[in-house]
$ cat upload-v8.cif   # mmCIF, C-alpha atoms and all ligand atoms
data_input
loop_
_atom_site.label_atom_id
_atom_site.label_comp_id
_atom_site.auth_asym_id
_atom_site.auth_seq_id
_atom_site.Cartn_x
_atom_site.Cartn_y
_atom_site.Cartn_z
CA MET Z 30 -30.57 -6.50 -13.19
CA THR Z 31 -28.79 -5.66 -9.95
CA ARG Z 32 -29.15 -2.51 -7.86
CA THR Z 33 -25.86 -1.22 -6.56
CA ARG Z 34 -24.35 1.77 -4.81
CA GLN Z 35 -21.21 3.10 -6.51
CA ILE Z 36 -18.62 5.74 -5.71
CA LEU Z 37 -17.79 7.76 -8.83
CA PHE Z 38 -14.74 9.90 -9.45
CA ALA Z 39 -16.27 13.40 -9.59
CA SER Z 40 -13.35 15.85 -9.94
CA ARG Z 41 -9.57 16.05 -9.86
CA PRO Z 42 -8.26 17.45 -6.58
CA ARG Z 43 -5.68 20.16 -6.10
CA GLY Z 44 -3.72 19.34 -3.01
CA MET Z 45 -5.41 17.16 -0.40
CA PRO Z 46 -8.47 15.35 -1.82
CA THR Z 47 -11.85 16.04 -0.20
CA PRO Z 48 -15.18 14.17 -0.22
CA ASP Z 49 -16.27 16.55 -3.01
CA ASN Z 50 -13.92 14.77 -5.40
CA PHE Z 51 -16.22 11.72 -5.18
CA ARG Z 52 -19.93 11.15 -5.83
CA PHE Z 53 -22.08 8.48 -4.25
CA VAL Z 54 -24.80 7.14 -6.59
CA GLU Z 55 -27.30 4.32 -6.80
CA THR Z 56 -27.71 2.63 -10.13
CA VAL Z 57 -28.87 -0.56 -11.82
CA LEU Z 58 -26.32 -2.78 -13.57
CA PRO Z 59 -27.29 -4.25 -16.97
CA PRO Z 60 -27.84 -8.01 -17.32
CA LEU Z 61 -24.75 -10.19 -17.62
CA ARG Z 62 -23.32 -10.78 -21.11
CA ASP Z 63 -21.25 -13.79 -22.21
CA GLY Z 64 -17.76 -13.66 -20.69
CA GLN Z 65 -18.87 -11.54 -17.71
CA ILE Z 66 -19.25 -12.13 -13.98
CA LEU Z 67 -21.15 -10.26 -11.30
CA ILE Z 68 -19.15 -9.79 -8.11
CA LYS Z 69 -20.51 -8.85 -4.69
CA SER Z 70 -17.92 -6.79 -2.80
CA LEU Z 71 -16.80 -8.17 0.55
CA PHE Z 72 -13.69 -6.05 1.26
CA LEU Z 73 -12.43 -2.99 -0.60
CA SER Z 74 -8.96 -1.55 -0.53
CA VAL Z 75 -7.93 2.08 -0.18
CA ASP Z 76 -4.30 2.64 -1.18
CA PRO Z 77 -1.99 5.66 -1.40
CA TYR Z 78 -1.24 5.03 -5.10
CA MET Z 79 -4.89 5.86 -5.84
CA ARG Z 80 -4.09 9.50 -5.09
CA GLY Z 81 -1.77 9.45 -8.13
CA ARG Z 82 -4.60 8.13 -10.30
CA MET Z 83 -6.66 11.18 -9.39
CA ASN Z 84 -4.18 13.38 -11.30
CA GLU Z 85 -3.96 13.78 -15.05
CA GLY Z 86 -0.66 13.16 -16.78
CA LYS Z 87 1.90 10.50 -17.46
CA SER Z 88 2.41 7.81 -14.86
CA TYR Z 89 2.88 4.06 -14.68
CA ILE Z 90 -0.90 3.68 -14.44
CA GLU Z 91 -3.84 5.39 -16.17
CA PRO Z 92 -5.61 8.29 -14.41
CA PHE Z 93 -9.12 7.68 -13.04
CA VAL Z 94 -11.85 8.58 -15.52
CA LEU Z 95 -14.22 11.33 -14.43
CA ASN Z 96 -17.79 10.22 -13.64
CA GLU Z 97 -16.80 6.53 -13.73
CA PRO Z 98 -16.77 4.15 -10.72
CA ILE Z 99 -13.44 4.07 -8.89
CA PRO Z 100 -11.51 0.85 -9.64
CA ALA Z 101 -9.69 -0.53 -6.60
CA GLY Z 102 -8.31 -3.71 -5.14
CA GLY Z 103 -10.98 -5.82 -3.54
CA VAL Z 104 -12.14 -9.23 -2.44
CA GLY Z 105 -15.56 -10.34 -3.59
CA GLU Z 106 -17.84 -13.27 -4.19
CA VAL Z 107 -18.99 -14.26 -7.64
CA VAL Z 108 -22.80 -14.25 -7.54
CA GLU Z 109 -23.48 -14.84 -11.25
CA SER Z 110 -21.19 -16.04 -14.00
CA LYS Z 111 -21.17 -16.33 -17.78
CA HIS Z 112 -17.39 -16.74 -17.70
CA GLU Z 113 -15.63 -20.08 -18.13
CA ARG Z 114 -13.03 -19.39 -15.39
CA PHE Z 115 -15.44 -18.43 -12.60
CA ALA Z 116 -18.47 -20.00 -10.97
CA PRO Z 117 -21.01 -18.61 -8.48
CA GLY Z 118 -19.62 -18.93 -4.95
CA ASP Z 119 -15.99 -18.38 -5.99
CA LEU Z 120 -14.11 -15.82 -3.95
CA VAL Z 121 -12.02 -13.54 -6.13
CA VAL Z 122 -9.33 -10.96 -5.51
CA GLY Z 123 -8.24 -8.16 -7.82
CA LEU Z 124 -9.63 -5.03 -9.39
CA ILE Z 125 -13.29 -4.33 -8.69
CA HIS Z 126 -15.18 -1.08 -8.06
CA TRP Z 127 -15.81 0.95 -4.94
CA ALA Z 128 -19.37 -0.39 -5.11
CA ASP Z 129 -21.66 -3.08 -3.74
CA TYR Z 130 -21.47 -4.98 -7.03
CA THR Z 131 -19.11 -4.98 -10.02
CA LEU Z 132 -19.71 -6.34 -13.51
CA SER Z 133 -16.38 -7.65 -14.77
CA ASN Z 134 -14.90 -9.53 -17.72
CA GLY Z 135 -12.52 -11.24 -15.27
CA GLU Z 136 -9.48 -9.20 -16.28
CA GLY Z 137 -7.16 -8.54 -13.35
CA LEU Z 138 -9.05 -10.99 -11.14
CA SER Z 139 -7.91 -14.28 -9.69
CA LYS Z 140 -9.56 -16.86 -7.49
CA LEU Z 141 -8.73 -16.61 -3.83
CA PRO Z 142 -7.11 -19.85 -2.67
CA ALA Z 143 -9.50 -21.78 -0.36
CA ILE Z 144 -6.93 -21.66 2.46
CA MET Z 145 -7.24 -17.84 2.44
CA ALA Z 146 -11.04 -17.78 2.79
CA PRO Z 147 -11.06 -17.32 6.59
CA ILE Z 148 -8.61 -14.42 6.29
CA ALA Z 149 -9.85 -13.06 2.96
CA SER Z 150 -9.04 -9.41 3.71
CA ALA Z 151 -5.36 -10.34 4.16
CA ALA Z 152 -5.30 -10.81 0.38
CA LEU Z 153 -5.43 -6.99 0.20
CA GLY Z 154 -2.69 -6.50 2.79
CA VAL Z 155 -0.08 -8.76 4.28
CA ALA Z 156 -0.57 -11.51 1.68
CA GLY Z 157 -1.52 -9.12 -1.13
CA MET Z 158 -0.16 -6.08 -2.93
CA PRO Z 159 1.40 -4.32 0.11
CA GLY Z 160 3.00 -7.55 1.33
CA LEU Z 161 4.42 -8.22 -2.13
CA THR Z 162 5.77 -4.68 -2.23
CA ALA Z 163 7.55 -5.17 1.08
CA TYR Z 164 8.90 -8.58 0.06
CA PHE Z 165 10.38 -7.61 -3.31
CA GLY Z 166 11.49 -4.10 -2.35
CA LEU Z 167 13.34 -5.27 0.72
CA LEU Z 168 14.74 -8.59 -0.47
CA ASP Z 169 15.48 -7.74 -4.11
CA ILE Z 170 16.61 -4.11 -3.83
CA GLY Z 171 17.47 -3.70 -0.13
CA ARG Z 172 19.25 -7.07 0.05
CA PRO Z 173 19.64 -6.93 3.83
CA ARG Z 174 22.35 -9.00 5.49
CA ALA Z 175 22.43 -10.24 9.08
CA GLY Z 176 23.79 -7.62 11.47
CA GLU Z 177 22.99 -4.66 9.21
CA THR Z 178 20.86 -1.68 10.25
CA VAL Z 179 17.60 -1.36 8.33
CA VAL Z 180 15.48 1.79 8.66
CA VAL Z 181 11.90 1.84 7.37
CA SER Z 182 9.65 4.91 7.20
CA GLY Z 183 5.86 4.62 7.23
CA ALA Z 184 6.76 1.71 9.48
CA ALA Z 185 3.36 1.05 11.07
CA GLY Z 186 1.50 0.93 7.76
CA ALA Z 187 0.60 -1.95 5.47
CA VAL Z 188 3.94 -2.08 3.65
CA GLY Z 189 6.23 -0.81 6.41
CA SER Z 190 5.10 -3.26 9.09
CA VAL Z 191 5.87 -6.19 6.77
CA VAL Z 192 9.24 -4.72 5.72
CA GLY Z 193 10.40 -4.48 9.33
CA GLN Z 194 9.38 -8.03 10.18
CA ILE Z 195 11.07 -9.52 7.10
CA ALA Z 196 14.22 -7.54 7.93
CA LYS Z 197 14.13 -9.02 11.45
CA MET Z 198 13.87 -12.51 9.92
CA GLN Z 199 17.10 -11.71 8.01
CA GLY Z 200 18.86 -11.00 11.32
CA CYS Z 201 18.97 -7.21 10.93
CA ARG Z 202 18.67 -4.44 13.48
CA VAL Z 203 15.40 -2.72 12.53
CA ILE Z 204 14.40 0.87 13.20
CA GLY Z 205 10.88 2.01 12.35
CA ILE Z 206 9.83 5.62 11.81
CA ALA Z 207 6.14 6.31 12.37
CA GLY Z 208 3.82 9.15 13.37
CA GLY Z 209 2.67 8.56 16.93
CA LYS Z 210 3.33 6.92 20.27
CA ASP Z 211 0.79 4.12 19.79
CA LYS Z 212 2.28 3.19 16.43
CA CYS Z 213 5.79 3.11 17.88
CA SER Z 214 4.82 0.97 20.85
CA TYR Z 215 3.00 -1.47 18.52
CA LEU Z 216 6.15 -1.82 16.40
CA GLN Z 217 8.44 -2.32 19.35
CA ASN Z 218 6.23 -4.41 21.64
CA GLU Z 219 4.26 -6.52 19.18
CA LEU Z 220 6.49 -6.68 16.09
CA SER Z 221 9.85 -6.69 17.93
CA PHE Z 222 11.40 -3.75 16.10
CA ASP Z 223 14.68 -2.87 17.84
CA ALA Z 224 13.92 0.85 18.04
CA THR Z 225 11.33 3.31 16.80
CA ILE Z 226 11.19 7.03 16.11
CA ASN Z 227 8.02 9.07 16.42
CA TYR Z 228 8.76 11.68 13.77
CA LYS Z 229 6.02 13.92 15.15
CA ASP Z 230 7.84 14.28 18.45
CA GLY Z 231 11.29 15.83 18.61
CA ASP Z 232 14.08 16.29 16.14
CA ILE Z 233 14.32 13.42 13.68
CA ARG Z 234 18.09 13.84 13.20
CA THR Z 235 18.83 13.60 16.91
CA SER Z 236 16.54 10.57 17.18
CA LEU Z 237 18.22 8.88 14.21
CA ASP Z 238 21.68 9.44 15.69
CA ALA Z 239 20.52 7.78 18.90
CA ALA Z 240 18.77 4.87 17.18
CA CYS Z 241 21.42 4.20 14.50
CA PRO Z 242 24.84 4.67 16.15
CA ASN Z 243 26.43 2.59 13.36
CA GLY Z 244 24.69 4.39 10.48
CA VAL Z 245 22.13 2.98 8.05
CA ASP Z 246 22.77 0.10 5.66
CA VAL Z 247 19.29 -0.25 4.15
CA TYR Z 248 16.64 2.46 4.00
CA PHE Z 249 13.15 1.43 2.88
CA ASP Z 250 11.46 4.71 2.00
CA ASN Z 251 7.69 4.93 2.10
CA VAL Z 252 7.33 8.65 2.74
CA GLY Z 253 10.05 10.87 1.21
CA GLY Z 254 10.43 14.51 2.31
CA ASP Z 255 12.42 15.61 5.33
CA ILE Z 256 12.35 12.16 6.96
CA THR Z 257 14.14 10.72 3.95
CA ASP Z 258 16.62 13.61 3.80
CA ALA Z 259 17.55 12.91 7.41
CA VAL Z 260 18.01 9.16 6.87
CA VAL Z 261 20.05 9.52 3.69
CA GLU Z 262 22.44 11.87 5.50
CA ARG Z 263 23.28 8.84 7.69
CA ILE Z 264 23.82 6.05 5.15
CA ASN Z 265 26.85 3.78 5.28
CA PHE Z 266 29.24 2.78 2.52
CA GLY Z 267 27.45 0.39 0.17
CA ALA Z 268 24.00 1.31 1.49
CA ARG Z 269 20.85 0.42 -0.45
CA ILE Z 270 17.88 2.79 -0.58
CA VAL Z 271 14.56 1.30 -1.64
CA ILE Z 272 12.32 4.04 -3.04
CA CYS Z 273 8.90 2.53 -2.50
CA GLY Z 274 6.65 5.52 -1.81
CA GLN Z 275 6.72 9.29 -1.28
CA ILE Z 276 3.41 9.81 0.48
CA SER Z 277 4.50 13.13 2.01
CA ALA Z 278 4.54 14.57 -1.53
CA TYR Z 279 1.33 13.10 -2.98
CA ASN Z 280 -0.85 16.07 -2.04
CA LEU Z 281 1.62 18.85 -2.74
CA ASP Z 282 0.64 21.39 -5.40
CA ARG Z 283 4.24 22.08 -6.26
CA GLN Z 284 7.31 19.84 -6.26
CA ASP Z 285 8.97 19.71 -2.88
CA VAL Z 286 12.57 20.89 -3.09
CA GLY Z 287 15.00 19.45 -0.59
CA PRO Z 288 18.74 19.11 -0.21
CA ARG Z 289 20.58 17.44 -3.10
CA LEU Z 290 21.19 13.90 -1.87
CA PHE Z 291 23.26 12.43 -4.70
CA THR Z 292 26.49 13.45 -2.91
CA TYR Z 293 25.63 10.97 -0.15
CA LEU Z 294 25.12 8.23 -2.72
CA LEU Z 295 28.34 9.07 -4.51
CA LYS Z 296 30.49 9.24 -1.37
CA ASN Z 297 29.09 5.95 -0.12
CA SER Z 298 28.92 3.98 -3.38
CA ALA Z 299 25.26 3.62 -2.46
CA LEU Z 300 22.32 2.42 -4.54
CA ALA Z 301 18.93 4.15 -4.63
CA LYS Z 302 16.31 2.41 -6.73
CA GLY Z 303 12.64 3.07 -7.32
CA PHE Z 304 10.29 0.25 -8.21
CA ILE Z 305 6.65 -0.60 -8.80
CA VAL Z 306 5.45 -3.88 -7.34
CA ASN Z 307 4.11 -4.97 -10.73
CA ASP Z 308 7.73 -5.08 -11.98
CA TYR Z 309 7.80 -8.41 -10.13
CA ARG Z 310 4.54 -9.81 -11.53
CA GLU Z 311 6.28 -12.97 -12.79
CA ARG Z 312 7.39 -13.81 -9.24
CA PHE Z 313 4.15 -13.05 -7.33
CA GLY Z 314 3.50 -16.76 -6.73
CA GLU Z 315 6.80 -17.23 -4.91
CA ALA Z 316 6.13 -14.23 -2.66
CA ILE Z 317 2.50 -15.11 -1.86
CA THR Z 318 3.61 -18.59 -0.83
CA ALA Z 319 6.34 -17.14 1.42
CA LEU Z 320 4.14 -14.42 2.94
CA SER Z 321 1.12 -16.62 3.61
CA GLY Z 322 3.43 -19.34 4.98
CA TRP Z 323 4.98 -16.87 7.44
CA VAL Z 324 1.51 -15.68 8.47
CA MET Z 325 0.36 -19.27 9.13
CA GLU Z 326 3.54 -20.01 11.10
CA GLY Z 327 3.02 -16.87 13.21
CA LYS Z 328 6.31 -15.37 12.02
CA LEU Z 329 4.61 -12.50 10.22
CA LYS Z 330 2.04 -10.64 12.30
CA TYR Z 331 -0.44 -8.17 10.94
CA ARG Z 332 -3.14 -5.79 12.01
CA GLU Z 333 -5.92 -4.37 9.94
CA HIS Z 334 -7.70 -1.08 10.31
CA VAL Z 335 -11.22 -2.16 9.33
CA VAL Z 336 -13.70 0.53 8.29
CA GLN Z 337 -17.33 -0.60 8.16
CA GLY Z 338 -19.56 0.20 5.19
CA LEU Z 339 -19.16 1.31 1.58
CA GLU Z 340 -20.43 4.76 2.59
CA ASN Z 341 -17.24 5.28 4.63
CA THR Z 342 -14.81 4.31 1.85
CA VAL Z 343 -13.85 7.86 0.90
CA ASP Z 344 -13.14 8.78 4.50
CA ALA Z 345 -11.07 5.60 4.87
CA PHE Z 346 -9.04 6.69 1.84
CA LEU Z 347 -8.52 10.19 3.28
CA GLY Z 348 -7.43 8.51 6.52
CA LEU Z 349 -4.28 7.28 4.78
CA PHE Z 350 -3.08 10.89 4.62
CA ARG Z 351 -4.12 11.65 8.21
CA GLY Z 352 -2.23 8.57 9.41
CA ASP Z 353 -5.37 6.96 10.90
CA ASN Z 354 -4.11 3.43 10.53
CA ILE Z 355 -1.96 0.77 12.07
CA GLY Z 356 -1.59 -1.88 9.37
CA LYS Z 357 -3.68 -2.12 6.23
CA ILE Z 358 -6.89 -0.12 5.89
CA VAL Z 359 -9.71 -2.24 4.46
CA VAL Z 360 -13.36 -1.41 4.04
CA LYS Z 361 -15.81 -4.16 4.96
CA VAL Z 362 -18.78 -3.68 2.66
N1 LIG C 1 6.19 1.04 -5.20
C1 LIG C 1 5.09 0.32 -5.11
O1 LIG C 1 4.78 -0.54 -5.93
C2 LIG C 1 4.18 0.55 -3.93
C3 LIG C 1 3.17 -0.37 -3.62
C4 LIG C 1 2.40 -0.13 -2.46
C5 LIG C 1 2.61 1.01 -1.72
N2 LIG C 1 3.56 1.89 -2.09
C6 LIG C 1 3.83 3.09 -1.30
O2 LIG C 1 4.24 2.67 -0.03
C7 LIG C 1 3.84 3.64 0.95
C8 LIG C 1 3.05 2.94 2.05
O3 LIG C 1 1.84 2.43 1.49
P1 LIG C 1 0.82 1.65 2.42
O4 LIG C 1 -0.22 1.09 1.54
O5 LIG C 1 1.57 0.75 3.30
O6 LIG C 1 0.17 2.82 3.26
P2 LIG C 1 0.14 2.90 4.84
O7 LIG C 1 1.57 3.05 5.30
O8 LIG C 1 -0.65 1.79 5.39
O9 LIG C 1 -0.66 4.23 5.11
C9 LIG C 1 -0.14 5.47 4.84
C10 LIG C 1 0.67 6.00 6.04
O10 LIG C 1 1.55 7.01 5.56
C11 LIG C 1 1.88 7.87 6.61
N3 LIG C 1 1.84 9.26 6.13
C12 LIG C 1 0.79 9.93 5.60
N4 LIG C 1 1.16 11.19 5.29
C13 LIG C 1 2.46 11.30 5.66
C14 LIG C 1 3.41 12.37 5.60
N5 LIG C 1 3.08 13.58 5.09
N6 LIG C 1 4.66 12.16 6.08
C15 LIG C 1 5.01 10.96 6.59
N7 LIG C 1 4.16 9.91 6.65
C16 LIG C 1 2.90 10.09 6.19
C17 LIG C 1 0.83 7.68 7.71
O11 LIG C 1 1.49 7.06 8.81
P3 LIG C 1 2.19 7.94 9.98
O12 LIG C 1 1.16 8.09 11.04
O13 LIG C 1 3.35 7.12 10.35
O14 LIG C 1 2.54 9.27 9.36
C18 LIG C 1 -0.17 6.71 7.10
O15 LIG C 1 -0.73 5.85 8.03
C19 LIG C 1 3.07 4.70 0.20
O16 LIG C 1 3.93 5.78 -0.10
C20 LIG C 1 2.65 4.00 -1.06
O17 LIG C 1 2.44 4.89 -2.13
C21 LIG C 1 4.35 1.68 -3.18
#
$ encode --input "upload-v8.cif" --output "structure tokens" --more "lines below"
Ligand SMILES: NC(=O)c1ccc[n+]([C@@H]2O[C@H](COP(=O)([O-])OP(=O)(O)OC[C@H]3O[C@@H](n4cnc5c(N)ncnc54)[C@H](OP(=O)(O)O)[C@@H]3O)[C@@H](O)[C@H]2O)c1
Amino acid sequence: MTRTRQILFASRPRGMPTPDNFRFVETVLPPLRDGQILIKSLFLSVDPYMRGRMNEGKSYIEPFVLNEPIPAGGVGEVVESKHERFAPGDLVVGLIHWADYTLSNGEGLSKLPAIMAPIASAALGVAGMPGLTAYFGLLDIGRPRAGETVVVSGAAGAVGSVVGQIAKMQGCRVIGIAGGKDKCSYLQNELSFDATINYKDGDIRTSLDAACPNGVDVYFDNVGGDITDAVVERINFGARIVICGQISAYNLDRQDVGPRLFTYLLKNSALAKGFIVNDYRERFGEAITALSGWVMEGKLKYREHVVQGLENTVDAFLGLFRGDNIGKIVVKV
């Protein structure tokens, strides 16, 4: 029997979530049954898609269940096992709970390769789900070619910072849009973006005209809303728009209505395609090898925004919508 703290899903938010939508409890987990493992959390992930799981209704993933622990990406250590695939001491990555300990049947979990152990939290970021999202969205849908202009919104975050660096590796001119001076100087000075736009300062359309004098060939959209309207107004013939995320809309009570953008697609024979990273599940191995290889070679840099302590997980999650982070937010338990 193991004592654990857990964060339960307490109520469905309207608009921006608050701490009241979660409940912190202490409980005792039942003894392990055959086929189960007990995992001690090391790092927990907070991700924007989790906001969607707080709503009821049809989506590509089931809504969170009220009064149940919140399932999330995490890295943990197996401390007890009655499962043939896992042994005590194994590090695992995949779905666990926002909790100190998770009882699992192993579904959705894989062993963390030994080479990743010293940088285990990267399995939640640059070499994990956000990195995979950047890799497939940019290379498979964006298909950037050397010399083209690539614009990425949410550029200083977990996905965006990887997108920009992979686009640079393809020989593109890369413009990052982010909310704040520090984020922009990080992108330009440390990640070698060619130009950046702080969308919280000045008129985004004027800034885009200055940063993209030759228009936009690839737009990797993490945010939606007015930023996206402004970029799409500037696409070139044959442009590709990668619809990865719409974080500006996740907390809206009512659908945001903007200009009708299809005319820009039509006039420019452009492609706009949404995707979910799991569409590429069959090819995850290829991407993890590429991403972790680039990290080891120093070609792909990353920062993490590390929040200490399970008790601060909810605030870390809310921080995604305040724009607290440069790079991936992880909670160190
Ligand atoms: N399609 C997929 O399979 C998939 C997979 C992973 C992630 N995503 C999506 O990709 C996007 C980025 O995810 P991430 O994990 O890398 O998060 P992230 O970028 O690390 O963190 C979220 C960032 O979004 C920005 N933001 C928050 N509210 C905003 C608003 N109203 N307008 C503009 N920007 C806002 C903030 O940066 P600023 O300070 O710059 O505003 C914040 O730091 C999200 O939309 C997410 O849902 C999609």
$ residues_near_ligand --input "upload-v8.cif" --ligand "ligand LIG 1 (chain C)" --cutoff "6 Å" --atoms "all atoms listed in the file" --output "MDAnalysis selection string"
chainID Z and resid 76:78 159 162 183 186:189 207:208 251:252 273:277 304:306 349:354 356:357
$ closest_residue --input "upload-v8.cif" --among "Z:Gly157, Z:Gly171, Z:Gly314, Z:Gly64" --to "Z:Glu136" --atoms "only C-alpha atoms"
Z:Gly64
$ atom_distance --input "upload-v8.cif" --atom1 "atom CA of Z:Tyr130" --atom2 "atom CA of Z:Asn341"
16.1 Å
$ residues_around --input "upload-v8.cif" --residues "Z:Glu106" --least-positions-apart "3" --cutoff "10 Å" --atoms "only C-alpha atoms" --output "PyMOL selection string"
chain Z and resi 66-72+109+116-122+130+140-141
$ write_last_selection --input "upload-v8.cif" --atoms "C-alpha atoms" --output "PDB file, in the frame of the given file"
ATOM      1  CA  ILE Z  66     -19.250 -12.130 -13.980  1.00  0.00           C
ATOM      2  CA  LEU Z  67     -21.150 -10.260 -11.300  1.00  0.00           C
ATOM      3  CA  ILE Z  68     -19.150  -9.790  -8.110  1.00  0.00           C
ATOM      4  CA  LYS Z  69     -20.510  -8.850  -4.690  1.00  0.00           C
ATOM      5  CA  SER Z  70     -17.920  -6.790  -2.800  1.00  0.00           C
ATOM      6  CA  LEU Z  71     -16.800  -8.170   0.550  1.00  0.00           C
ATOM      7  CA  PHE Z  72     -13.690  -6.050   1.260  1.00  0.00           C
ATOM      8  CA  GLU Z 109     -23.480 -14.840 -11.250  1.00  0.00           C
ATOM      9  CA  ALA Z 116     -18.470 -20.000 -10.970  1.00  0.00           C
ATOM     10  CA  PRO Z 117     -21.010 -18.610  -8.480  1.00  0.00           C
ATOM     11  CA  GLY Z 118     -19.620 -18.930  -4.950  1.00  0.00           C
ATOM     12  CA  ASP Z 119     -15.990 -18.380  -5.990  1.00  0.00           C
ATOM     13  CA  LEU Z 120     -14.110 -15.820  -3.950  1.00  0.00           C
ATOM     14  CA  VAL Z 121     -12.020 -13.540  -6.130  1.00  0.00           C
ATOM     15  CA  VAL Z 122      -9.330 -10.960  -5.510  1.00  0.00           C
ATOM     16  CA  TYR Z 130     -21.470  -4.980  -7.030  1.00  0.00           C
ATOM     17  CA  LYS Z 140      -9.560 -16.860  -7.490  1.00  0.00           C
ATOM     18  CA  LEU Z 141      -8.730 -16.610  -3.830  1.00  0.00           C
TER      19      LEU Z 141
END
$ atom_distance --input "upload-v8.cif" --atom1 "atom CA of Z:Ser214" --atom2 "atom CA of Z:Thr342"
27.5 Å
$ closest_residue --input "upload-v8.cif" --among "Z:Tyr89, Z:Tyr215, Z:Tyr164, Z:Phe38" --to "Z:His126" --atoms "only C-alpha atoms"
Z:Phe38
$ closest_residue --input "upload-v8.cif" --among "Z:Ser221, Z:Asn297, Z:Ser74, Z:Ser88" --to "Z:Val191" --atoms "all atoms listed in the file"
Z:Ser221
$ residues_around --input "upload-v8.cif" --residues "Z:Gly81" --least-positions-apart "5" --cutoff "12 Å" --atoms "only C-alpha atoms" --output "mmCIF file with C-alpha atoms, in the coordinates of the input"
data_model
loop_
_atom_site.group_PDB
_atom_site.id
_atom_site.type_symbol
_atom_site.label_atom_id
_atom_site.label_comp_id
_atom_site.auth_asym_id
_atom_site.auth_seq_id
_atom_site.Cartn_x
_atom_site.Cartn_y
_atom_site.Cartn_z
ATOM 1 C CA ARG Z 41 -9.570 16.050 -9.860
ATOM 2 C CA PRO Z 42 -8.260 17.450 -6.580
ATOM 3 C CA ARG Z 43 -5.680 20.160 -6.100
ATOM 4 C CA GLY Z 44 -3.720 19.340 -3.010
ATOM 5 C CA MET Z 45 -5.410 17.160 -0.400
ATOM 6 C CA PRO Z 46 -8.470 15.350 -1.820
ATOM 7 C CA ASP Z 76 -4.300 2.640 -1.180
ATOM 8 C CA GLY Z 86 -0.660 13.160 -16.780
ATOM 9 C CA LYS Z 87 1.900 10.500 -17.460
ATOM 10 C CA SER Z 88 2.410 7.810 -14.860
ATOM 11 C CA TYR Z 89 2.880 4.060 -14.680
ATOM 12 C CA ILE Z 90 -0.900 3.680 -14.440
ATOM 13 C CA GLU Z 91 -3.840 5.390 -16.170
ATOM 14 C CA PRO Z 92 -5.610 8.290 -14.410
ATOM 15 C CA PHE Z 93 -9.120 7.680 -13.040
ATOM 16 C CA GLY Z 274 6.650 5.520 -1.810
ATOM 17 C CA GLN Z 275 6.720 9.290 -1.280
ATOM 18 C CA ILE Z 276 3.410 9.810 0.480
ATOM 19 C CA ALA Z 278 4.540 14.570 -1.530
ATOM 20 C CA TYR Z 279 1.330 13.100 -2.980
ATOM 21 C CA ASN Z 280 -0.850 16.070 -2.040
ATOM 22 C CA LEU Z 281 1.620 18.850 -2.740
#
$ atom_distance --input "upload-v8.cif" --atom1 "atom CA of Z:Val362" --atom2 "atom CA of Z:Phe115"
21.5 Å
$ residues_around --input "upload-v8.cif" --residues "Z:Gln35" --least-positions-apart "3" --cutoff "12 Å" --atoms "only C-alpha atoms" --output "PDB file with C-alpha atoms, in the coordinates of the input"
ATOM      1  CA  ARG Z  32     -29.150  -2.510  -7.860  1.00  0.00           C
ATOM      2  CA  PHE Z  38     -14.740   9.900  -9.450  1.00  0.00           C
ATOM      3  CA  ALA Z  39     -16.270  13.400  -9.590  1.00  0.00           C
ATOM      4  CA  PHE Z  51     -16.220  11.720  -5.180  1.00  0.00           C
ATOM      5  CA  ARG Z  52     -19.930  11.150  -5.830  1.00  0.00           C
ATOM      6  CA  PHE Z  53     -22.080   8.480  -4.250  1.00  0.00           C
ATOM      7  CA  VAL Z  54     -24.800   7.140  -6.590  1.00  0.00           C
ATOM      8  CA  GLU Z  55     -27.300   4.320  -6.800  1.00  0.00           C
ATOM      9  CA  THR Z  56     -27.710   2.630 -10.130  1.00  0.00           C
ATOM     10  CA  VAL Z  57     -28.870  -0.560 -11.820  1.00  0.00           C
ATOM     11  CA  LEU Z  58     -26.320  -2.780 -13.570  1.00  0.00           C
ATOM     12  CA  SER Z  70     -17.920  -6.790  -2.800  1.00  0.00           C
ATOM     13  CA  ASN Z  96     -17.790  10.220 -13.640  1.00  0.00           C
ATOM     14  CA  GLU Z  97     -16.800   6.530 -13.730  1.00  0.00           C
ATOM     15  CA  PRO Z  98     -16.770   4.150 -10.720  1.00  0.00           C
ATOM     16  CA  ILE Z  99     -13.440   4.070  -8.890  1.00  0.00           C
ATOM     17  CA  PRO Z 100     -11.510   0.850  -9.640  1.00  0.00           C
ATOM     18  CA  ILE Z 125     -13.290  -4.330  -8.690  1.00  0.00           C
ATOM     19  CA  HIS Z 126     -15.180  -1.080  -8.060  1.00  0.00           C
ATOM     20  CA  TRP Z 127     -15.810   0.950  -4.940  1.00  0.00           C
ATOM     21  CA  ALA Z 128     -19.370  -0.390  -5.110  1.00  0.00           C
ATOM     22  CA  ASP Z 129     -21.660  -3.080  -3.740  1.00  0.00           C
ATOM     23  CA  TYR Z 130     -21.470  -4.980  -7.030  1.00  0.00           C
ATOM     24  CA  THR Z 131     -19.110  -4.980 -10.020  1.00  0.00           C
ATOM     25  CA  LEU Z 132     -19.710  -6.340 -13.510  1.00  0.00           C
ATOM     26  CA  LEU Z 339     -19.160   1.310   1.580  1.00  0.00           C
ATOM     27  CA  GLU Z 340     -20.430   4.760   2.590  1.00  0.00           C
ATOM     28  CA  THR Z 342     -14.810   4.310   1.850  1.00  0.00           C
ATOM     29  CA  VAL Z 343     -13.850   7.860   0.900  1.00  0.00           C
ATOM     30  CA  VAL Z 362     -18.780  -3.680   2.660  1.00  0.00           C
TER      31      VAL Z 362
END
$ closest_residue --input "upload-v8.cif" --among "Z:Gly348, Z:Gly205, Z:Gly338, Z:Gly200" --to "Z:Val180" --atoms "all atoms listed in the file"
Z:Gly205
$ residues_around --input "upload-v8.cif" --residues "Z:Val192" --least-positions-apart "4" --cutoff "9 Å" --atoms "only C-alpha atoms" --output "ChimeraX atom specification"
/Z:160,162-164,166-167,181,184,188,196-197,249
